[in-house]
file work27.txt (compact mmCIF, C-alpha atoms)
# COMPACT_ATOMS: atom_id res chain seq x y z
CA MET T 1 -41.66 -5.06 -21.06
CA MET T 2 -45.09 -3.95 -22.05
CA ARG T 3 -44.98 -1.30 -24.75
CA PHE T 4 -46.42 2.15 -24.19
CA GLN T 5 -47.39 4.92 -26.57
CA VAL T 6 -44.81 7.70 -26.44
CA TYR T 7 -45.76 11.35 -26.54
CA GLU T 8 -44.90 13.13 -29.78
CA GLY T 9 -46.58 16.55 -29.40
CA SER T 10 -45.46 20.00 -28.27
CA GLU T 11 -46.93 19.99 -24.75
CA PRO T 12 -44.65 19.44 -21.73
CA TYR T 13 -43.58 15.81 -21.28
CA VAL T 14 -41.25 13.67 -19.18
CA PHE T 15 -38.19 12.01 -20.68
CA ILE T 16 -37.67 8.62 -19.02
CA SER T 17 -34.03 7.53 -18.86
CA TYR T 18 -33.38 3.91 -17.85
CA SER T 19 -31.07 0.98 -18.41
CA HIS T 20 -32.57 -1.69 -20.63
CA CYS T 21 -31.51 -4.14 -17.92
CA ASN T 22 -34.28 -2.51 -15.84
CA GLU T 23 -37.05 -2.74 -18.46
CA GLU T 24 -39.46 -4.48 -16.10
CA ARG T 25 -39.13 -1.76 -13.43
CA CYS T 26 -39.42 0.91 -16.11
CA GLY T 27 -42.57 -0.73 -17.45
CA GLN T 28 -44.14 -0.68 -13.98
CA LEU T 29 -43.42 3.04 -13.68
CA LEU T 30 -44.72 3.80 -17.17
CA ALA T 31 -47.95 1.93 -16.45
CA GLN T 32 -48.51 4.09 -13.37
CA LEU T 33 -47.68 7.30 -15.25
CA GLN T 34 -50.03 6.31 -18.06
CA LYS T 35 -52.86 5.78 -15.53
CA ARG T 36 -52.26 9.32 -14.31
CA ARG T 37 -52.30 10.71 -17.86
CA VAL T 38 -48.65 11.82 -17.77
CA ARG T 39 -47.16 12.59 -21.17
CA PHE T 40 -43.83 10.76 -21.47
CA TRP T 41 -41.22 9.62 -23.94
CA TYR T 42 -38.85 6.68 -23.60
CA ASP T 43 -36.60 5.06 -26.15
CA PHE T 44 -38.19 1.60 -26.39
CA GLU T 45 -40.99 2.81 -28.67
CA GLY T 46 -39.71 6.24 -29.57
CA ILE T 47 -36.87 5.36 -31.95
CA HIS T 48 -37.70 3.69 -35.22
CA GLY T 49 -35.37 1.45 -37.24
CA GLY T 50 -32.74 3.25 -39.31
CA ALA T 51 -33.04 6.44 -37.26
CA HIS T 52 -30.04 8.34 -35.96
CA TRP T 53 -30.78 7.38 -32.37
CA ARG T 54 -28.31 9.74 -30.69
CA ASP T 55 -29.83 12.71 -32.54
CA ILE T 56 -33.33 11.59 -31.59
CA LEU T 57 -32.38 11.13 -27.92
CA ALA T 58 -30.73 14.56 -27.85
CA GLU T 59 -33.79 16.21 -29.41
CA ARG T 60 -36.21 14.48 -27.05
CA ILE T 61 -34.14 15.45 -24.00
CA GLU T 62 -33.83 19.05 -25.22
CA ASN T 63 -37.60 19.31 -25.72
CA ALA T 64 -38.60 17.55 -22.49
CA SER T 65 -39.86 19.56 -19.53
CA CYS T 66 -38.69 17.02 -17.00
CA PHE T 67 -36.07 14.25 -16.98
CA VAL T 68 -36.67 11.16 -14.81
CA ALA T 69 -33.66 8.86 -14.37
CA LEU T 70 -34.27 5.34 -13.01
CA ILE T 71 -31.03 4.93 -11.10
CA SER T 72 -29.61 1.44 -10.60
CA GLN T 73 -26.15 -0.09 -10.73
CA ASP T 74 -26.84 -1.05 -14.36
CA TYR T 75 -27.80 2.56 -15.10
CA LEU T 76 -24.57 3.89 -13.60
CA GLU T 77 -22.50 1.36 -15.57
CA SER T 78 -24.17 2.25 -18.88
CA ALA T 79 -22.26 4.81 -20.95
CA ASN T 80 -25.48 5.65 -22.83
CA CYS T 81 -27.44 6.32 -19.62
CA ARG T 82 -24.63 8.50 -18.27
CA ASP T 83 -24.57 10.41 -21.57
CA GLU T 84 -28.32 11.03 -21.30
CA ILE T 85 -28.20 12.37 -17.75
CA GLU T 86 -25.12 14.50 -18.49
CA PHE T 87 -26.90 15.93 -21.55
CA ALA T 88 -29.95 16.71 -19.40
CA LEU T 89 -27.67 18.48 -16.90
CA ASP T 90 -25.98 20.44 -19.70
CA ASN T 91 -29.44 21.50 -20.93
CA ARG T 92 -30.53 22.53 -17.42
CA LYS T 93 -33.47 20.15 -17.31
CA THR T 94 -35.51 19.51 -14.19
CA ILE T 95 -34.06 16.17 -13.11
CA ILE T 96 -35.74 13.67 -10.81
CA GLN T 97 -33.54 10.80 -9.71
CA VAL T 98 -35.60 7.70 -8.97
CA PHE T 99 -33.40 5.19 -7.16
CA ILE T 100 -34.80 1.75 -7.91
CA GLU T 101 -31.87 0.20 -6.01
CA ASP T 102 -30.32 1.35 -2.75
CA LEU T 103 -26.95 2.77 -3.72
CA GLU T 104 -24.96 5.98 -3.52
CA LEU T 105 -23.64 8.02 -6.40
CA MET T 106 -19.90 8.52 -6.48
CA GLY T 107 -17.45 10.97 -8.02
CA GLY T 108 -18.39 13.53 -10.63
CA LEU T 109 -21.92 12.26 -11.11
CA ALA T 110 -22.57 12.59 -7.38
CA MET T 111 -21.23 16.13 -7.48
CA SER T 112 -23.37 17.03 -10.51
CA LEU T 113 -26.58 15.54 -9.10
CA ASN T 114 -26.12 16.39 -5.43
CA ARG T 115 -28.72 19.18 -5.45
CA LYS T 116 -31.21 17.43 -7.72
CA HIS T 117 -34.41 15.86 -6.44
CA ARG T 118 -34.13 12.21 -5.35
CA LEU T 119 -36.72 9.57 -4.58
CA TYR T 120 -35.70 6.20 -3.16
CA ARG T 121 -38.31 3.58 -4.08
CA SER T 122 -37.37 1.46 -1.06
CA LYS T 123 -38.35 4.22 1.38
CA TYR T 124 -42.04 4.03 0.43
CA SER T 125 -44.39 1.46 1.91
CA SER T 126 -46.28 0.95 -1.34
CA GLU T 127 -46.08 1.59 -5.05
CA THR T 128 -48.97 4.05 -4.70
CA ALA T 129 -47.15 6.09 -2.04
CA PHE T 130 -44.04 6.17 -4.21
CA ILE T 131 -45.92 7.22 -7.37
CA ASN T 132 -47.80 9.90 -5.43
CA ALA T 133 -44.47 11.31 -4.22
CA LEU T 134 -43.14 11.27 -7.78
CA MET T 135 -46.24 13.07 -9.05
CA ARG T 136 -45.66 15.84 -6.49
CA SER T 137 -42.08 16.35 -7.72
CA GLU T 138 -41.16 19.57 -9.46
CA GLY T 139 -41.96 19.50 -13.15
CA MET T 140 -44.34 16.55 -13.14
CA GLU T 141 -47.63 18.45 -12.89
CA ALA T 142 -46.97 20.33 -16.14
CA CYS T 143 -46.71 16.97 -17.93
CA VAL T 144 -50.19 15.75 -16.94
CA GLU T 145 -52.80 15.81 -19.69
CA ARG T 146 -55.68 18.07 -18.65
CA THR T 147 -59.22 18.05 -19.98
CA GLY T 148 -60.71 20.80 -17.83
CA LYS T 149 -60.96 22.37 -14.39
CA VAL T 150 -62.64 19.36 -12.79
CA GLN T 151 -59.90 16.93 -13.83
CA SER T 152 -57.22 19.40 -12.79
CA ALA T 153 -58.68 19.54 -9.29
CA GLN T 154 -58.96 15.74 -9.16
CA VAL T 155 -55.32 15.28 -10.18
CA ALA T 156 -54.31 17.79 -7.52
CA ALA T 157 -56.09 15.62 -4.94
CA ALA T 158 -54.18 12.43 -5.80
CA GLY T 159 -51.76 11.32 -3.13
CA THR T 160 -51.98 14.30 -0.81
CA SER T 161 -52.72 14.76 2.88
CA ALA T 162 -56.30 14.68 4.20
CA GLU T 163 -56.39 18.47 4.49
CA MET T 164 -55.16 18.89 0.93
CA VAL T 165 -57.69 16.31 -0.29
CA GLU T 166 -60.46 18.26 1.39
CA GLN T 167 -59.27 21.47 -0.29
CA ALA T 168 -59.06 19.72 -3.66
CA GLN T 169 -62.56 18.27 -3.23
CA LYS T 170 -63.83 21.79 -2.58
CA ARG T 171 -62.13 22.94 -5.80
CA VAL T 172 -63.79 20.06 -7.66
CA LEU T 173 -67.21 21.07 -6.31
CA ASP T 174 -66.51 24.73 -7.14
CA ALA T 175 -65.44 23.77 -10.67
CA ILE T 176 -68.59 21.67 -11.17
CA GLU T 177 -70.75 24.52 -9.87
CA GLU T 178 -68.98 26.97 -12.20
CA GLU T 179 -69.49 24.65 -15.20
CA VAL T 180 -73.19 24.24 -14.33
CA ARG T 181 -73.65 28.01 -14.08
CA TRP T 182 -71.84 28.48 -17.38
CA LYS T 183 -74.15 25.98 -19.12
CA GLU T 184 -77.40 27.33 -17.63
CA PRO T 185 -79.40 29.55 -19.98
CA PRO T 186 -79.71 33.22 -18.91
call {"tool": "encode", "arguments": {"input": "work27.txt", "output": "structure tokens"}}
result
Amino acid sequence: MMRFQVYEGSEPYVFISYSHCNEERCGQLLAQLQKRRVRFWYDFEGIHGGAHWRDILAERIENASCFVALISQDYLESANCRDEIEFALDNRKTIIQVFIEDLELMGGLAMSLNRKHRLYRSKYSSETAFINALMRSEGMEACVERTGKVQSAQVAAAGTSAEMVEQAQKRVLDAIEEEVRWKEPP
């Protein structure tokens, strides 16, 4: 899997929980999130040799604004992955379940996650449509790096309906006009 820079600051970020058996799929998702300037943390780059990895995982989950779980059979069979998602539940994190395989949760995990947001990758016609749906999920917007009003309006336009795009374009034009007025001498 390609390596990505993990977020280490105090702004809202997404904790990515995945089975290492699904590194390739995780890497594809991280590449898309990086393009959209989403702050994220995942354990491939985020834990350094000799570290107490369970303590680091717990801290990163506690401090995350949003928890994205890449659900697969391998994920469900991994004690570590189950510990992560249970810890996120215990800490009342916003959880987004991203099913990268078509399967159903069973037993206690199904009961615990029944009311949490789910996205099934297979239900989207393209990677772009899937990522756009993920970006509209609760908690994701707060984790996007912003550089000003114009970028905020552009991010809001990504992956939305034509009417919403038109509204976002108007906000972009309004933001540009406001910045021009602000920079004009009196």
call {"tool": "closest_residue", "arguments": {"input": "work27.txt", "among": "T:Ile100, T:Met135, T:Leu109, T:Val144", "to": "Lys123 (chain T)", "atoms": "all atoms listed in the file"}}
result
T:Ile100
call {"tool": "atom_distance", "arguments": {"input": "work27.txt", "atom1": "CA of Glu127 (chain T)", "atom2": "CA of Leu105 (chain T)"}}
result
23.4 Å
call {"tool": "closest_residue", "arguments": {"input": "work27.txt", "among": "T:Asp83, T:Asn91, T:Ser65, T:Ile16", "to": "Glu138 (chain T)", "atoms": "only C-alpha atoms"}}
result
T:Ser65
call {"tool": "residues_around", "arguments": {"input": "work27.txt", "residues": "region 23-34 of chain T", "least_positions_apart": "3", "cutoff": "7 Å", "atoms": "all atoms listed in the file", "output": "list of chain:residue names"}}
result
T:Met1, T:Met2, T:Tyr18, T:His20, T:Arg37, T:Val38
call {"tool": "atom_distance", "arguments": {"input": "work27.txt", "atom1": "CA of Leu103 (chain T)", "atom2": "CA of Leu76 (chain T)"}}
result
10.2 Å
call {"tool": "build_atoms", "arguments": {"input": "work27.txt", "residues": "region 82-102 of chain T", "atoms": "N, CA, C and O atoms", "output": "PDB file, in the coordinates of the input"}}
result
ATOM      1  N   ARG T  82     -25.421   7.376 -18.806  1.00  0.00           N
ATOM      2  CA  ARG T  82     -24.630   8.500 -18.270  1.00  0.00           C
ATOM      3  C   ARG T  82     -24.617   9.658 -19.262  1.00  0.00           C
ATOM      4  O   ARG T  82     -24.708  10.820 -18.866  1.00  0.00           O
ATOM      5  N   ASP T  83     -24.517   9.353 -20.554  1.00  0.00           N
ATOM      6  CA  ASP T  83     -24.570  10.410 -21.570  1.00  0.00           C
ATOM      7  C   ASP T  83     -25.903  11.152 -21.509  1.00  0.00           C
ATOM      8  O   ASP T  83     -25.943  12.377 -21.616  1.00  0.00           O
ATOM      9  N   GLU T  84     -26.992  10.400 -21.357  1.00  0.00           N
ATOM     10  CA  GLU T  84     -28.320  11.030 -21.300  1.00  0.00           C
ATOM     11  C   GLU T  84     -28.431  11.981 -20.112  1.00  0.00           C
ATOM     12  O   GLU T  84     -28.890  13.115 -20.264  1.00  0.00           O
ATOM     13  N   ILE T  85     -28.034  11.531 -18.933  1.00  0.00           N
ATOM     14  CA  ILE T  85     -28.200  12.370 -17.750  1.00  0.00           C
ATOM     15  C   ILE T  85     -27.240  13.574 -17.805  1.00  0.00           C
ATOM     16  O   ILE T  85     -27.605  14.675 -17.398  1.00  0.00           O
ATOM     17  N   GLU T  86     -26.056  13.375 -18.342  1.00  0.00           N
ATOM     18  CA  GLU T  86     -25.120  14.500 -18.490  1.00  0.00           C
ATOM     19  C   GLU T  86     -25.676  15.518 -19.488  1.00  0.00           C
ATOM     20  O   GLU T  86     -25.569  16.726 -19.278  1.00  0.00           O
ATOM     21  N   PHE T  87     -26.296  15.037 -20.563  1.00  0.00           N
ATOM     22  CA  PHE T  87     -26.900  15.930 -21.550  1.00  0.00           C
ATOM     23  C   PHE T  87     -28.057  16.709 -20.927  1.00  0.00           C
ATOM     24  O   PHE T  87     -28.226  17.896 -21.181  1.00  0.00           O
ATOM     25  N   ALA T  88     -28.848  16.026 -20.096  1.00  0.00           N
ATOM     26  CA  ALA T  88     -29.950  16.710 -19.400  1.00  0.00           C
ATOM     27  C   ALA T  88     -29.400  17.787 -18.457  1.00  0.00           C
ATOM     28  O   ALA T  88     -29.949  18.893 -18.378  1.00  0.00           O
ATOM     29  N   LEU T  89     -28.311  17.481 -17.757  1.00  0.00           N
ATOM     30  CA  LEU T  89     -27.670  18.480 -16.900  1.00  0.00           C
ATOM     31  C   LEU T  89     -27.170  19.665 -17.718  1.00  0.00           C
ATOM     32  O   LEU T  89     -27.399  20.828 -17.349  1.00  0.00           O
ATOM     33  N   ASP T  90     -26.502  19.374 -18.828  1.00  0.00           N
ATOM     34  CA  ASP T  90     -25.980  20.440 -19.700  1.00  0.00           C
ATOM     35  C   ASP T  90     -27.101  21.332 -20.222  1.00  0.00           C
ATOM     36  O   ASP T  90     -26.898  22.523 -20.456  1.00  0.00           O
ATOM     37  N   ASN T  91     -28.292  20.751 -20.411  1.00  0.00           N
ATOM     38  CA  ASN T  91     -29.440  21.500 -20.930  1.00  0.00           C
ATOM     39  C   ASN T  91     -30.340  22.040 -19.823  1.00  0.00           C
ATOM     40  O   ASN T  91     -31.444  22.495 -20.095  1.00  0.00           O
ATOM     41  N   ARG T  92     -29.850  21.963 -18.582  1.00  0.00           N
ATOM     42  CA  ARG T  92     -30.530  22.530 -17.420  1.00  0.00           C
ATOM     43  C   ARG T  92     -31.978  22.045 -17.263  1.00  0.00           C
ATOM     44  O   ARG T  92     -32.891  22.812 -16.975  1.00  0.00           O
ATOM     45  N   LYS T  93     -32.154  20.755 -17.459  1.00  0.00           N
ATOM     46  CA  LYS T  93     -33.470  20.150 -17.310  1.00  0.00           C
ATOM     47  C   LYS T  93     -33.783  19.920 -15.835  1.00  0.00           C
ATOM     48  O   LYS T  93     -32.883  19.746 -15.016  1.00  0.00           O
ATOM     49  N   THR T  94     -35.072  19.936 -15.515  1.00  0.00           N
ATOM     50  CA  THR T  94     -35.510  19.510 -14.190  1.00  0.00           C
ATOM     51  C   THR T  94     -35.275  18.016 -14.128  1.00  0.00           C
ATOM     52  O   THR T  94     -35.834  17.264 -14.936  1.00  0.00           O
ATOM     53  N   ILE T  95     -34.436  17.581 -13.192  1.00  0.00           N
ATOM     54  CA  ILE T  95     -34.060  16.170 -13.110  1.00  0.00           C
ATOM     55  C   ILE T  95     -34.606  15.579 -11.815  1.00  0.00           C
ATOM     56  O   ILE T  95     -34.434  16.154 -10.740  1.00  0.00           O
ATOM     57  N   ILE T  96     -35.265  14.436 -11.959  1.00  0.00           N
ATOM     58  CA  ILE T  96     -35.740  13.670 -10.810  1.00  0.00           C
ATOM     59  C   ILE T  96     -35.016  12.335 -10.850  1.00  0.00           C
ATOM     60  O   ILE T  96     -35.143  11.584 -11.821  1.00  0.00           O
ATOM     61  N   GLN T  97     -34.244  12.075  -9.810  1.00  0.00           N
ATOM     62  CA  GLN T  97     -33.540  10.800  -9.710  1.00  0.00           C
ATOM     63  C   GLN T  97     -34.436   9.824  -8.953  1.00  0.00           C
ATOM     64  O   GLN T  97     -34.808  10.079  -7.816  1.00  0.00           O
ATOM     65  N   VAL T  98     -34.784   8.736  -9.596  1.00  0.00           N
ATOM     66  CA  VAL T  98     -35.600   7.700  -8.970  1.00  0.00           C
ATOM     67  C   VAL T  98     -34.679   6.505  -8.741  1.00  0.00           C
ATOM     68  O   VAL T  98     -34.295   5.817  -9.695  1.00  0.00           O
ATOM     69  N   PHE T  99     -34.296   6.301  -7.494  1.00  0.00           N
ATOM     70  CA  PHE T  99     -33.400   5.190  -7.160  1.00  0.00           C
ATOM     71  C   PHE T  99     -34.235   3.925  -7.011  1.00  0.00           C
ATOM     72  O   PHE T  99     -35.006   3.790  -6.073  1.00  0.00           O
ATOM     73  N   ILE T 100     -34.062   3.010  -7.973  1.00  0.00           N
ATOM     74  CA  ILE T 100     -34.800   1.750  -7.910  1.00  0.00           C
ATOM     75  C   ILE T 100     -33.966   0.683  -7.194  1.00  0.00           C
ATOM     76  O   ILE T 100     -34.446  -0.428  -6.975  1.00  0.00           O
ATOM     77  N   GLU T 101     -32.742   1.029  -6.846  1.00  0.00           N
ATOM     78  CA  GLU T 101     -31.870   0.200  -6.010  1.00  0.00           C
ATOM     79  C   GLU T 101     -31.251   1.112  -4.963  1.00  0.00           C
ATOM     80  O   GLU T 101     -31.030   2.301  -5.222  1.00  0.00           O
ATOM     81  N   ASP T 102     -30.977   0.570  -3.799  1.00  0.00           N
ATOM     82  CA  ASP T 102     -30.320   1.350  -2.750  1.00  0.00           C
ATOM     83  C   ASP T 102     -28.828   1.400  -3.041  1.00  0.00           C
ATOM     84  O   ASP T 102     -28.130   0.389  -2.937  1.00  0.00           O
TER      85      ASP T 102
END
